[in-house]
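Shown here: structure23.txt, compact mmCIF, C-alpha atoms (C1' of nucleotides).
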# COMPACT_ATOMS: atom_id res chain seq x y z
CA MET A 93 45.08 -34.63 -60.52
CA PRO A 94 45.23 -30.88 -59.93
CA GLN A 95 48.56 -29.14 -59.39
CA THR A 96 47.82 -28.22 -55.78
CA THR A 97 51.33 -26.84 -55.29
CA ARG A 98 51.21 -24.22 -58.05
CA ILE A 99 50.07 -20.76 -56.90
CA THR A 100 49.05 -18.61 -59.85
CA PRO A 101 49.30 -14.80 -59.91
CA PHE A 102 45.53 -14.69 -59.84
CA GLN A 103 45.44 -16.77 -56.69
CA GLN A 104 47.97 -14.47 -55.03
CA ARG A 105 45.74 -11.49 -55.69
CA VAL A 106 42.69 -13.29 -54.34
CA TYR A 107 44.51 -14.46 -51.22
CA ALA A 108 45.92 -10.99 -50.58
CA ALA A 109 42.41 -9.53 -50.66
CA CYS A 110 41.02 -12.35 -48.53
CA ARG A 111 43.61 -11.67 -45.83
CA ARG A 112 42.07 -8.24 -45.26
CA ILE A 113 38.82 -9.69 -43.94
CA PRO A 114 39.01 -9.18 -40.16
CA ARG A 115 38.09 -11.74 -37.57
CA GLY A 116 34.39 -11.81 -36.79
CA ARG A 117 33.40 -10.47 -40.19
CA VAL A 118 32.76 -11.91 -43.64
CA SER A 119 32.80 -10.77 -47.26
CA THR A 120 31.31 -12.30 -50.39
CA TYR A 121 32.72 -14.01 -53.49
CA ARG A 122 31.40 -11.13 -55.49
CA TRP A 123 32.99 -8.35 -53.45
CA LEU A 124 36.27 -10.20 -53.35
CA GLY A 125 36.04 -10.29 -57.13
CA GLU A 126 35.50 -6.54 -57.24
CA ALA A 127 38.49 -5.99 -54.98
CA VAL A 128 40.61 -7.95 -57.42
CA GLY A 129 39.03 -6.73 -60.66
CA CYS A 130 37.37 -10.03 -61.59
CA LYS A 131 33.73 -10.20 -62.63
CA SER A 132 33.43 -13.92 -62.10
CA ALA A 133 32.51 -14.87 -58.55
CA ARG A 134 32.95 -18.48 -59.62
CA ALA A 135 36.58 -17.88 -60.50
CA ILE A 136 37.06 -16.50 -56.99
CA GLY A 137 35.55 -19.67 -55.59
CA GLN A 138 37.96 -21.69 -57.69
CA ALA A 139 40.94 -19.87 -56.20
CA LEU A 140 39.68 -20.16 -52.62
CA LYS A 141 38.92 -23.81 -53.10
CA ARG A 142 42.62 -24.34 -53.83
CA ASN A 143 43.79 -22.18 -50.92
CA PRO A 144 46.81 -23.96 -49.36
CA PHE A 145 47.27 -21.26 -46.70
CA ALA A 146 44.16 -21.84 -44.58
CA PRO A 147 43.44 -20.55 -42.02
CA GLU A 148 46.21 -17.96 -42.43
CA VAL A 149 44.28 -16.91 -45.54
CA PRO A 150 40.77 -16.96 -44.03
CA CYS A 151 38.81 -18.39 -46.94
CA HIS A 152 36.12 -19.46 -44.46
CA ARG A 153 35.20 -15.76 -44.13
CA VAL A 154 33.80 -15.64 -47.66
CA VAL A 155 30.10 -16.34 -48.18
CA ARG A 156 27.51 -15.99 -50.95
CA SER A 157 25.86 -12.71 -51.87
CA ASP A 158 22.58 -13.88 -50.38
CA ARG A 159 24.48 -14.40 -47.09
CA SER A 160 24.12 -18.19 -47.16
CA LEU A 161 27.38 -20.00 -46.39
CA GLY A 162 28.53 -21.19 -49.81
CA GLY A 163 31.11 -23.95 -50.04
CA PHE A 164 34.06 -25.05 -48.00
CA SER A 165 36.86 -27.54 -48.47
CA GLY A 166 35.57 -28.52 -51.89
CA GLN A 167 32.00 -29.19 -50.82
CA THR A 168 28.78 -27.23 -51.27
CA SER A 169 26.91 -29.00 -48.49
CA GLY A 170 27.52 -31.48 -45.72
CA GLY A 171 29.98 -31.68 -42.87
CA GLU A 172 32.62 -29.39 -44.31
CA VAL A 173 30.14 -26.55 -44.67
CA ARG A 174 28.90 -27.21 -41.17
CA ARG A 175 32.44 -26.69 -39.88
CA LYS A 176 32.71 -23.47 -41.83
CA ARG A 177 29.69 -22.18 -39.91
CA GLU A 178 31.20 -23.28 -36.62
CA MET A 179 34.50 -21.53 -37.33
CA LEU A 180 32.66 -18.31 -38.09
CA ARG A 181 30.51 -18.61 -35.00
CA ALA A 182 33.64 -19.14 -32.91
CA GLU A 183 35.01 -15.89 -34.35
CA GLY A 184 31.90 -14.01 -33.29
CA VAL A 185 29.89 -13.98 -36.51
CA ARG A 186 26.16 -13.98 -35.75
CA PHE A 187 23.65 -15.95 -37.77
CA GLY A 188 20.07 -15.11 -38.62
CA PRO A 189 17.31 -17.48 -39.77
CA ASN A 190 18.28 -20.57 -41.80
CA ASP A 191 22.06 -20.28 -41.73
CA ARG A 192 22.27 -16.73 -43.03
CA VAL A 193 25.12 -14.52 -41.88
CA GLU A 194 23.86 -11.42 -40.13
CA GLU A 195 24.00 -8.37 -42.34
CA SER A 196 26.11 -6.40 -39.87
CA ALA A 197 28.93 -8.94 -40.24
CA LEU A 198 29.41 -8.22 -43.94
CA ILE A 199 32.38 -6.13 -44.98
CA ARG A 200 32.97 -4.77 -48.45
CA LEU A 201 36.68 -4.59 -49.23
CA ALA A 202 38.06 -1.56 -51.01
CA GLY A 203 39.21 -2.26 -54.53
CA PRO A 204 39.91 -0.73 -57.96
CA GLN A 205 37.24 1.38 -59.80
C1' DA B 29 43.29 -24.03 -79.18
C1' DT B 30 39.00 -26.12 -77.60
C1' DG B 31 35.84 -27.95 -74.30
C1' DA B 32 34.40 -28.89 -69.54
C1' DT B 33 34.16 -27.67 -64.74
C1' DG B 34 33.13 -25.02 -60.64
C1' DA B 35 33.24 -22.97 -52.82
C1' DT B 36 28.66 -17.83 -57.92
C1' DT B 37 25.00 -14.66 -59.15
C1' DG B 38 20.84 -12.42 -60.58
C1' DG B 39 16.79 -13.30 -63.00
C1' DG B 40 12.76 -16.12 -64.20
C1' DG B 41 9.09 -19.82 -63.50
C1' DC C 235 12.11 -25.36 -55.17
C1' DC C 236 14.18 -25.63 -60.18
C1' DC C 237 16.43 -23.86 -64.55
C1' DC C 238 19.29 -20.54 -67.25
C1' DA C 239 22.84 -17.34 -68.96
C1' DA C 240 26.90 -14.70 -67.89
C1' DT C 241 31.49 -14.92 -66.12
C1' DC C 242 36.46 -16.57 -66.11
C1' DA C 243 40.53 -19.12 -64.01
C1' DT C 244 41.94 -23.87 -64.43
C1' DC C 245 42.18 -28.26 -66.01
C1' DA C 246 41.82 -31.95 -69.46
C1' DT C 247 42.14 -32.97 -74.38

Could you rewrite the structure in this file as structure tokens?
Amino acid sequence: MPQTTRITPFQQRVYAACRRIPRGRVSTYRWLGEAVGCKSARAIGQALKRNPFAPEVPCHRVVRSDRSLGGFSGQTSGGEVRRKREMLRAEGVRFGPNDRVEESALIRLAGPQ
DNA sequence: ATGATGATTGGGG
DNA sequence: CCCCAATCATCAT
């Protein structure tokens, strides 16, 4: 059983960066990592997966580098991911062919370096 | 401390 | 499509 209540310093940094993604736009696991000084996009996914502040911390606005949706609510495919797409669409994010976020929706957050 | 596990990524076949 | 190595916070031993 994971300690779902414990928020690590790393998670705080990731959530703080995630909060800067405006409505109707999305960023990527990789860019979020750059904004926080972490070279592992997977580690970012780990933190977002344990996000207890959704949707206040908009973890649904983070997608893969190739602009495909990526995971949501602990799943990499299926109904949860489908809802992620719907939430984004409701916020005004446009989608191109085969569930790819439109390029114009991407936002690269400012970070260190 | 050591090993396994991911909401990843870029590269290769 | 599939497989692999690199990456690193977390979790289980």

Compile the contact shell of DT33 in chain B as a list in words: residues with an atom at most 12 Å away, counting only C-alpha atoms (C1' of nucleotides), same-chain residues fewer than 6 positions apart removed.
Arg134, Ala135 and Gln138 of chain A; DC242, DA243, DT244, DC245 and DA246 of chain C

Near chain B, meaning an atom within 12 Å, which residues of chain A appear when counting all atoms listed in the file? Write them as JSON, numbers by chain.
{"A": [120, 121, 122, 123, 124, 125, 131, 132, 133, 134, 135, 136, 137, 138, 139, 140, 141, 142, 143, 151, 152, 153, 154, 155, 156, 157, 158, 160, 161, 162, 163, 164, 165, 166, 167, 168, 169, 172, 173, 176]}

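One finds CA of Arg200 in chain A at 23.9 Å from CA of Arg174 in chain A.
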
Rounded to one decimal, what separation in Å do you get between CA of Gly170 in chain A and CA of Val128 in chain A?
29.4 Å

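Across the structure, CA of Thr100 in chain A and CA of Glu126 in chain A are spaced 18.3 Å apart.
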